[in-house]
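Here is model_36.cif, consisting of mmCIF, C-alpha atoms (C1' of nucleotides):
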data_target
#
loop_
_atom_site.label_atom_id
_atom_site.label_comp_id
_atom_site.auth_asym_id
_atom_site.auth_seq_id
_atom_site.Cartn_x
_atom_site.Cartn_y
_atom_site.Cartn_z
CA MET Z 1123 -6.46 8.61 15.43
CA PRO Z 1124 -4.02 5.73 14.78
CA ARG Z 1125 -4.01 3.97 11.47
CA SER Z 1126 -5.18 0.39 11.24
CA PRO Z 1127 -2.64 -2.08 9.87
CA SER Z 1128 -3.19 -3.19 6.30
CA SER Z 1129 -2.48 -6.88 6.98
CA GLN Z 1130 -1.63 -7.20 3.31
CA PRO Z 1131 1.90 -7.90 2.11
CA THR Z 1132 3.43 -4.67 0.87
CA GLU Z 1133 4.97 -4.08 -2.51
CA VAL Z 1134 8.51 -5.16 -1.74
CA GLU Z 1135 7.23 -8.03 0.35
CA ILE Z 1136 5.35 -9.39 -2.63
CA GLN Z 1137 8.43 -9.05 -4.74
CA ILE Z 1138 10.38 -11.12 -2.29
CA LEU Z 1139 7.64 -13.71 -1.96
CA ARG Z 1140 7.58 -14.09 -5.73
CA ILE Z 1141 11.27 -14.73 -5.76
CA LEU Z 1142 10.82 -17.38 -3.09
CA TRP Z 1143 7.91 -18.98 -4.92
CA GLU Z 1144 10.07 -19.30 -8.00
CA LEU Z 1145 13.33 -20.29 -6.41
CA GLY Z 1146 12.06 -22.29 -3.50
CA PRO Z 1147 13.86 -22.08 -0.13
CA SER Z 1148 16.89 -19.84 -0.57
CA PRO Z 1149 19.65 -18.06 1.31
CA VAL Z 1150 19.67 -14.28 1.45
CA ARG Z 1151 22.37 -14.11 -1.15
CA GLU Z 1152 20.18 -15.67 -3.80
CA ILE Z 1153 17.17 -13.60 -2.92
CA HIS Z 1154 19.25 -10.50 -3.00
CA LYS Z 1155 20.66 -11.33 -6.40
CA ARG Z 1156 17.15 -11.28 -7.84
CA LEU Z 1157 15.88 -8.31 -5.89
CA ASN Z 1158 18.92 -6.28 -6.77
CA ALA Z 1159 18.53 -7.17 -10.43
CA ALA Z 1160 14.96 -5.91 -10.26
CA LYS Z 1161 15.45 -2.73 -8.28
CA GLY Z 1162 19.12 -2.14 -7.64
CA THR Z 1163 18.76 -2.09 -3.87
CA ASN Z 1164 21.43 -2.81 -1.32
CA TYR Z 1165 22.16 -6.15 0.34
CA SER Z 1166 21.34 -4.68 3.74
CA THR Z 1167 17.91 -3.81 2.47
CA THR Z 1168 17.20 -7.37 1.53
CA VAL Z 1169 18.33 -8.64 4.91
CA LYS Z 1170 16.23 -6.06 6.69
CA MET Z 1171 13.15 -6.80 4.64
CA LEU Z 1172 13.48 -10.48 5.34
CA SER Z 1173 13.76 -9.84 9.05
CA VAL Z 1174 10.65 -7.67 8.91
CA MET Z 1175 8.83 -10.36 6.99
CA LEU Z 1176 9.98 -12.98 9.44
CA GLN Z 1177 8.59 -10.82 12.20
CA LYS Z 1178 5.27 -10.56 10.39
CA GLY Z 1179 5.21 -14.28 9.75
CA LEU Z 1180 5.33 -13.94 5.96
CA VAL Z 1181 8.44 -16.08 5.71
CA LYS Z 1182 10.09 -18.74 7.79
CA ARG Z 1183 13.75 -19.55 8.07
CA ASP Z 1184 15.98 -22.40 8.92
CA GLU Z 1185 18.65 -21.07 11.23
CA ASP Z 1186 20.49 -24.33 11.46
CA ALA Z 1187 21.47 -24.07 7.86
CA GLN Z 1188 24.50 -21.95 7.22
CA PRO Z 1189 23.79 -19.50 5.71
CA HIS Z 1190 20.18 -19.31 6.90
CA VAL Z 1191 17.57 -20.49 4.45
CA TYR Z 1192 14.32 -18.60 3.95
CA ARG Z 1193 11.06 -19.96 2.62
CA PRO Z 1194 7.58 -18.51 2.12
CA ALA Z 1195 5.11 -19.13 4.93
CA ALA Z 1196 2.27 -19.54 2.42
CA ASN Z 1197 2.27 -20.62 -1.20
CA ARG Z 1198 1.34 -18.43 -4.10
CA ALA Z 1199 -2.22 -19.68 -4.41
CA LYS Z 1200 -3.02 -19.12 -0.78
CA THR Z 1201 -1.48 -15.68 -0.72
CA GLY Z 1202 -3.10 -14.66 -3.97
CA LYS Z 1203 -6.47 -15.83 -2.72
CA LYS Z 1204 -6.14 -13.77 0.37
CA MET Z 1205 -5.11 -10.63 -1.46
CA LEU Z 1206 -7.90 -11.18 -3.89
CA ASP Z 1207 -10.49 -11.59 -1.18
CA ASP Z 1208 -9.24 -8.36 0.24
CA LEU Z 1209 -9.47 -6.59 -3.08
CA ILE Z 1210 -12.95 -7.92 -3.65
CA GLU Z 1211 -13.98 -6.77 -0.23
CA ARG Z 1212 -12.52 -3.32 -0.66
CA VAL Z 1213 -13.67 -2.59 -4.19
CA TYR Z 1214 -16.54 -4.89 -5.00
CA GLU Z 1215 -17.91 -5.12 -1.52
CA GLY Z 1216 -17.72 -8.86 -1.40
CA SER Z 1217 -19.17 -9.88 -4.73
CA ALA Z 1218 -16.57 -12.24 -6.14
CA MET Z 1219 -18.63 -13.03 -9.18
CA SER Z 1220 -18.76 -9.44 -10.39
CA LEU Z 1221 -15.06 -9.57 -10.43
CA VAL Z 1222 -14.68 -12.86 -12.23
CA LEU Z 1223 -17.03 -11.66 -14.92
CA GLN Z 1224 -15.04 -8.47 -15.09
CA VAL Z 1225 -11.87 -10.40 -15.72
CA LEU Z 1226 -13.39 -12.78 -18.20
CA SER Z 1227 -14.91 -9.97 -20.21
CA SER Z 1228 -11.52 -8.55 -20.96
CA THR Z 1229 -9.15 -11.47 -21.17
CA ARG Z 1230 -8.09 -13.93 -23.82
CA ALA Z 1231 -8.09 -17.60 -22.98
CA SER Z 1232 -6.85 -20.74 -24.67
CA LYS Z 1233 -9.09 -23.63 -25.64
CA GLU Z 1234 -7.80 -25.66 -22.70
CA GLU Z 1235 -8.45 -22.91 -20.25
CA LEU Z 1236 -11.97 -22.44 -21.51
CA ASN Z 1237 -12.63 -26.12 -21.15
CA GLU Z 1238 -11.16 -26.27 -17.73
CA MET Z 1239 -13.45 -23.49 -16.72
CA ARG Z 1240 -16.49 -25.27 -18.12
CA ARG Z 1241 -15.51 -28.32 -16.19
CA MET Z 1242 -15.29 -26.24 -13.08
CA LEU Z 1243 -18.69 -24.71 -13.68
CA ASP Z 1244 -20.25 -28.11 -14.18
CA GLN Z 1245 -18.71 -29.27 -11.00
CA MET Z 1246 -20.01 -26.27 -9.11
CA GLU Z 1247 -23.47 -26.88 -10.41
CA GLY Z 1248 -23.47 -30.64 -10.01
CA LYS Z 1249 -22.46 -29.86 -6.45
CA MET A 178 17.56 4.51 -4.39
CA PRO A 179 14.19 6.30 -4.67
CA ARG A 180 10.99 4.35 -4.41
CA SER A 181 8.81 4.00 -7.44
CA PRO A 182 5.25 5.25 -7.02
CA SER A 183 2.65 2.55 -6.61
CA SER A 184 0.15 4.14 -9.00
CA GLN A 185 -2.54 2.28 -7.08
CA PRO A 186 -5.14 4.10 -5.02
CA THR A 187 -4.22 3.81 -1.36
CA GLU A 188 -6.40 2.48 1.39
CA VAL A 189 -8.15 5.69 2.36
CA GLU A 190 -8.41 6.69 -1.25
CA ILE A 191 -10.35 3.54 -2.01
CA GLN A 192 -12.59 4.21 0.93
CA ILE A 193 -13.41 7.64 -0.45
CA LEU A 194 -13.91 6.34 -3.96
CA ARG A 195 -16.37 3.77 -2.64
CA ILE A 196 -18.34 6.48 -0.93
CA LEU A 197 -18.45 8.44 -4.16
CA TRP A 198 -19.46 5.38 -6.17
CA GLU A 199 -22.36 4.83 -3.84
CA LEU A 200 -23.43 8.41 -3.30
CA GLY A 201 -22.63 9.86 -6.68
CA PRO A 202 -21.22 13.41 -6.93
CA SER A 203 -21.13 14.89 -3.45
CA PRO A 204 -19.90 17.85 -1.44
CA VAL A 205 -17.16 17.33 1.14
CA ARG A 206 -19.66 17.44 3.96
CA GLU A 207 -21.43 14.30 2.74
CA ILE A 208 -18.24 12.45 2.04
CA HIS A 209 -16.94 13.36 5.42
CA LYS A 210 -20.07 12.17 7.14
CA ARG A 211 -19.49 8.67 5.77
CA LEU A 212 -15.76 8.63 6.24
CA ASN A 213 -16.08 9.83 9.78
CA ALA A 214 -18.68 7.20 10.52
CA ALA A 215 -16.25 4.57 9.26
CA LYS A 216 -13.06 5.77 10.88
CA GLY A 217 -13.75 8.71 13.13
CA THR A 218 -11.36 11.03 11.34
CA ASN A 219 -11.45 14.79 11.28
CA TYR A 220 -13.11 17.01 8.69
CA SER A 221 -9.75 18.51 7.75
CA THR A 222 -8.51 15.04 6.93
CA THR A 223 -11.28 14.49 4.45
CA VAL A 224 -10.64 17.82 2.77
CA LYS A 225 -6.94 17.11 2.58
CA MET A 226 -7.44 13.65 1.18
CA LEU A 227 -9.73 14.97 -1.49
CA SER A 228 -7.23 17.58 -2.48
CA VAL A 229 -4.52 14.95 -2.73
CA MET A 230 -6.79 12.78 -4.81
CA LEU A 231 -7.67 15.72 -7.02
CA GLN A 232 -3.98 16.26 -7.52
CA LYS A 233 -3.52 12.62 -8.48
CA GLY A 234 -6.47 12.72 -10.82
CA LEU A 235 -8.49 10.17 -8.86
CA VAL A 236 -11.42 12.55 -8.44
CA LYS A 237 -12.72 15.60 -10.24
CA ARG A 238 -14.60 18.53 -8.80
CA ASP A 239 -17.01 21.18 -9.85
CA GLU A 240 -15.78 24.43 -8.38
CA ASP A 241 -18.69 26.44 -9.67
CA ALA A 242 -21.01 24.62 -7.36
CA GLN A 243 -21.12 26.01 -3.85
CA PRO A 244 -20.00 24.07 -1.94
CA HIS A 245 -17.73 22.27 -4.43
CA VAL A 246 -18.94 18.93 -5.69
CA TYR A 247 -16.59 15.96 -6.03
CA ARG A 248 -17.01 12.94 -8.29
CA PRO A 249 -14.86 9.89 -9.05
CA ALA A 250 -12.65 10.17 -12.13
CA ALA A 251 -13.27 6.51 -12.99
CA ASN A 252 -16.15 4.20 -12.19
CA ARG A 253 -15.93 1.18 -9.97
CA ALA A 254 -15.56 -1.34 -12.76
CA LYS A 255 -12.72 0.52 -14.41
CA THR A 256 -10.89 1.08 -11.16
CA GLY A 257 -11.41 -2.48 -10.01
CA LYS A 258 -10.17 -3.81 -13.31
CA LYS A 259 -7.02 -1.77 -13.02
CA MET A 260 -6.31 -2.86 -9.48
CA LEU A 261 -7.01 -6.40 -10.45
CA ASP A 262 -4.67 -6.29 -13.42
CA ASP A 263 -2.07 -5.00 -11.07
CA LEU A 264 -2.68 -7.79 -8.58
CA ILE A 265 -2.53 -10.37 -11.32
CA GLU A 266 0.70 -8.92 -12.56
CA ARG A 267 2.26 -8.80 -9.13
CA VAL A 268 1.18 -12.16 -7.81
CA TYR A 269 0.31 -14.35 -10.75
CA GLU A 270 2.79 -12.81 -13.14
CA GLY A 271 0.19 -11.89 -15.67
CA SER A 272 -1.79 -15.11 -15.86
CA ALA A 273 -5.35 -13.93 -15.38
CA MET A 274 -6.70 -17.41 -15.86
CA SER A 275 -4.85 -18.86 -12.89
CA LEU A 276 -6.59 -16.30 -10.82
CA VAL A 277 -10.06 -16.83 -12.22
CA LEU A 278 -9.77 -20.54 -11.62
CA GLN A 279 -8.55 -19.80 -8.16
CA VAL A 280 -11.63 -17.75 -7.42
CA LEU A 281 -14.02 -20.18 -8.98
CA SER A 282 -12.59 -23.06 -7.06
CA SER A 283 -13.41 -21.42 -3.78
CA THR A 284 -16.60 -19.47 -4.33
CA ARG A 285 -20.27 -20.25 -4.40
CA ALA A 286 -22.31 -19.01 -7.33
CA SER A 287 -25.98 -18.80 -8.16
CA LYS A 288 -27.59 -20.57 -11.10
CA GLU A 289 -27.83 -17.29 -12.97
CA GLU A 290 -24.23 -16.46 -12.42
CA LEU A 291 -23.14 -19.87 -13.61
CA ASN A 292 -25.20 -19.46 -16.74
CA GLU A 293 -23.91 -16.02 -17.39
CA MET A 294 -20.45 -17.36 -17.17
CA ARG A 295 -21.17 -20.15 -19.62
CA ARG A 296 -22.56 -17.61 -21.98
CA MET A 297 -19.42 -15.61 -21.65
CA LEU A 298 -17.22 -18.64 -22.29
CA ASP A 299 -19.19 -19.49 -25.41
CA GLN A 300 -18.77 -15.97 -26.60
CA MET A 301 -15.05 -16.05 -26.00
CA GLU A 302 -14.74 -19.26 -27.95
CA GLY A 303 -17.02 -18.18 -30.72
CA LYS A 304 -14.22 -15.95 -31.92
"C1'" DT F 253 48.06 -15.54 12.53
"C1'" DG F 254 46.22 -11.76 10.28
"C1'" DA F 255 43.82 -10.00 6.37
"C1'" DT F 256 39.66 -10.58 3.55
"C1'" DA F 257 35.11 -11.78 2.55
"C1'" DA F 258 30.48 -13.43 3.60
"C1'" DT F 259 26.69 -13.27 6.90
"C1'" DA F 260 23.62 -11.07 10.14
"C1'" DG F 261 21.57 -7.41 12.79
"C1'" DC F 262 20.41 -2.68 14.33
"C1'" DG F 263 19.40 2.12 14.42
"C1'" DA F 264 18.51 5.97 11.87
"C1'" DA F 265 17.44 8.49 7.47
"C1'" DT F 266 14.11 8.90 3.90
"C1'" DC F 267 9.76 8.64 1.62
"C1'" DG F 268 4.83 8.48 0.76
"C1'" DT F 269 0.45 8.37 3.32
"C1'" DT F 270 -2.64 9.96 6.68
"C1'" DT F 271 -3.89 13.00 10.21
"C1'" DC F 272 -4.90 17.40 12.10
"C1'" DG F 273 -4.36 22.38 13.83
"C1'" DC F 274 -4.56 26.84 12.38
"C1'" DT F 275 -5.91 30.44 9.26
"C1'" DG F 276 -8.73 32.97 5.91
"C1'" DC F 277 -12.93 33.80 3.55
"C1'" DG F 278 -17.75 34.38 2.77
"C1'" DT F 279 -22.62 34.24 4.59
"C1'" DC F 280 -26.21 35.18 7.68
"C1'" DA F 281 -28.69 36.79 11.69
"C1'" DA F 282 -28.75 39.67 15.80
"C1'" DT I 41 -20.81 45.85 12.52
"C1'" DT I 42 -19.91 41.70 14.79
"C1'" DG I 43 -19.79 37.17 15.85
"C1'" DA I 44 -21.01 32.40 14.83
"C1'" DC I 45 -20.72 29.11 11.34
"C1'" DG I 46 -19.62 26.37 7.14
"C1'" DC I 47 -16.15 25.87 3.51
"C1'" DA I 48 -11.45 25.59 1.75
"C1'" DG I 49 -6.39 25.33 1.94
"C1'" DC I 50 -1.76 24.82 3.86
"C1'" DG I 51 2.09 23.24 6.51
"C1'" DA I 52 3.73 20.13 9.65
"C1'" DA I 53 3.26 16.10 12.81
"C1'" DA I 54 2.68 11.17 13.04
"C1'" DC I 55 3.09 6.79 11.10
"C1'" DG I 56 4.35 2.69 8.50
"C1'" DA I 57 7.32 1.10 4.70
"C1'" DT I 58 11.77 1.13 2.64
"C1'" DT I 59 16.51 2.03 2.36
"C1'" DC I 60 21.13 1.94 3.88
"C1'" DG I 61 25.46 2.75 6.81
"C1'" DC I 62 27.86 0.82 10.38
"C1'" DT I 63 29.16 -2.88 13.33
"C1'" DA I 64 29.72 -7.64 14.97
"C1'" DT I 65 30.51 -12.41 14.13
"C1'" DT I 66 32.10 -16.15 11.66
"C1'" DA I 67 34.38 -18.51 7.89
"C1'" DT I 68 38.30 -18.60 4.46
"C1'" DC I 69 42.93 -18.95 3.17
"C1'" DA I 70 47.42 -16.97 1.96
#
Would you mind writing the file's structure down as C-alpha cells?
Amino acid sequence: MPRSPSSQPTEVEIQILRILWELGPSPVREIHKRLNAAKGTNYSTTVKMLSVMLQKGLVKRDEDAQPHVYRPAANRAKTGKKMLDDLIERVYEGSAMSLVLQVLSSTRASKEELNEMRRMLDQMEGK
Amino acid sequence: MPRSPSSQPTEVEIQILRILWELGPSPVREIHKRLNAAKGTNYSTTVKMLSVMLQKGLVKRDEDAQPHVYRPAANRAKTGKKMLDDLIERVYEGSAMSLVLQVLSSTRASKEELNEMRRMLDQMEGK
DNA sequence: TGATAATAGCGAATCGTTTCGCTGCGTCAA
DNA sequence: TTGACGCAGCGAAACGATTCGCTATTATCA
C-alpha cells in the first residue's frame, strides 16, 4: 500500500520559503547564510533542497543570472491560506469558523486589529 | 546534523485521532475498521500506529478492558489549537491576527457566526 | 598559467514514518 | 485436546524527507 503524497511544503521547505519571503529573490549563498544560522546545515544541503523545491514547483529560479536567483512560487498569504485550508480539513473537517473562533478565544489583539476585524465582519454581512 | 523532532502529530496520527474524536474510546478493531475503509491498510498497521502513538503520548489506553480500549490524550480543540499555533509560528511568524484576517477574507459565514464573532470581539475589547 | 574559491549537481547515507509479516497468547467450540 | 479465531507485539522492509561528500564547471587573480 503506497503512501499518498502530502502536497504540503515540508518543514525545511517552509523555512526556506520564509527566508525568501523576507529577503525577496536571492542567490543560494544568501539563503544558505540564513538557513545555516538557523540550523547549522551544510551548503550542499541548501542547494539540494532548492533543487527539490524547484522540482516540486515551490520555487522558481532565474538561470540567466549568475549566480542563479531563486524566488518563491507563491507569496506568504497564498501559501499560508493553502496550509490553513489543509489543516482545517484535516482537523476541523472543513469548518473554518470553528477555527477562527478558536484562535480568537485565546489571542490578544490591538485596538486596530479589533477594528479591522469589525470592518471585515460588516463587509461580509453587507455582502 | 540530526533532525529535530516535529512534535506535531503526523498524517496518519491525525487520521486516527479524528476517528477517536468521532467514535470516543474504542478498541483497535473499531479504529481499524475506519482506517481501513479510508486507506485500505492492514490490521497490523493500525496496531503498530497505536502503539507508536501511545509511546508518544498522543493516545491513552485502558489495558484492563478486554480488548484494550484506546482514547485520545487531548481533545480536538486542544490539538487543533496546538497545530494552529505551530502553523502560525512557522508561516506567519507568530502573528495570529494576520492569519485570522486571512481566513475571514476568504470564507463565508452565517449570521450566527458573524454575531458570535462580534460578541467575542467586544469581549476582547472590554478588557 | 596554475592555484584557489565560488557555484552547481548527483548519488548515497541517514532518519523518522508507515507498512506489514510473523509469532505468541488466550478463548471457544467440536 | 486441537484447531480456528481474535488480540497484541516486534522487527524489518519500504518510503519520503533531509543531509552531506564528492565531483564538475566556471570565475578570480597572483
Next item on the list: Could you tell me how far atom CA of Asn1158 of chain Z lies from atom CA of Trp1143 of chain Z, in Å and to one decimal?
Entry: 16.9 Å
How would you write, as a compact mmCIF listing (two decimals) with C-alpha atoms (C1' of nucleotides), in the frame of the given file, the residues chosen by the PyMOL selection byres ((chain F) within 10 of (chain A)) on this structure?
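Result file follows (part-v6.txt):
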# COMPACT_ATOMS: atom_id res chain seq x y z
C1' DT F 266 14.11 8.90 3.90
C1' DC F 267 9.76 8.64 1.62
C1' DG F 268 4.83 8.48 0.76
C1' DT F 269 0.45 8.37 3.32
C1' DT F 270 -2.64 9.96 6.68
C1' DT F 271 -3.89 13.00 10.21
C1' DC F 272 -4.90 17.40 12.10
C1' DG F 273 -4.36 22.38 13.83
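Once chain Z is fitted onto chain A using all Cα atoms matched in sequence order, the root-mean-square deviation is 0.3 Å.
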Item checked: Test item: the PyMOL selection byres ((chain A) within 9 of (chain Z)) resolved as JSON, numbers by chain -> {"A": [178, 183, 188, 191, 192, 194, 195, 216, 217, 218, 219, 253, 254, 256, 257, 258, 260, 261, 262, 264, 265, 267, 268, 269, 270, 273, 274, 275, 276, 277, 278, 279, 280, 281, 282, 283, 284, 285, 286, 287, 288, 290, 291, 292, 293, 294, 295, 297, 298, 299, 301, 302]}
Next item on the list: Report as a PyMOL selection string the residues that result from applying the PyMOL selection byres ((chain I) within 10 of (chain Z)) to the structure here.
Entry: chain I and resi 54-61
Check: Which distance in Å separates atom CA of Pro244 of chain A and atom C1' of DC274 of chain F, to one decimal?
Finding: 21.2 Å
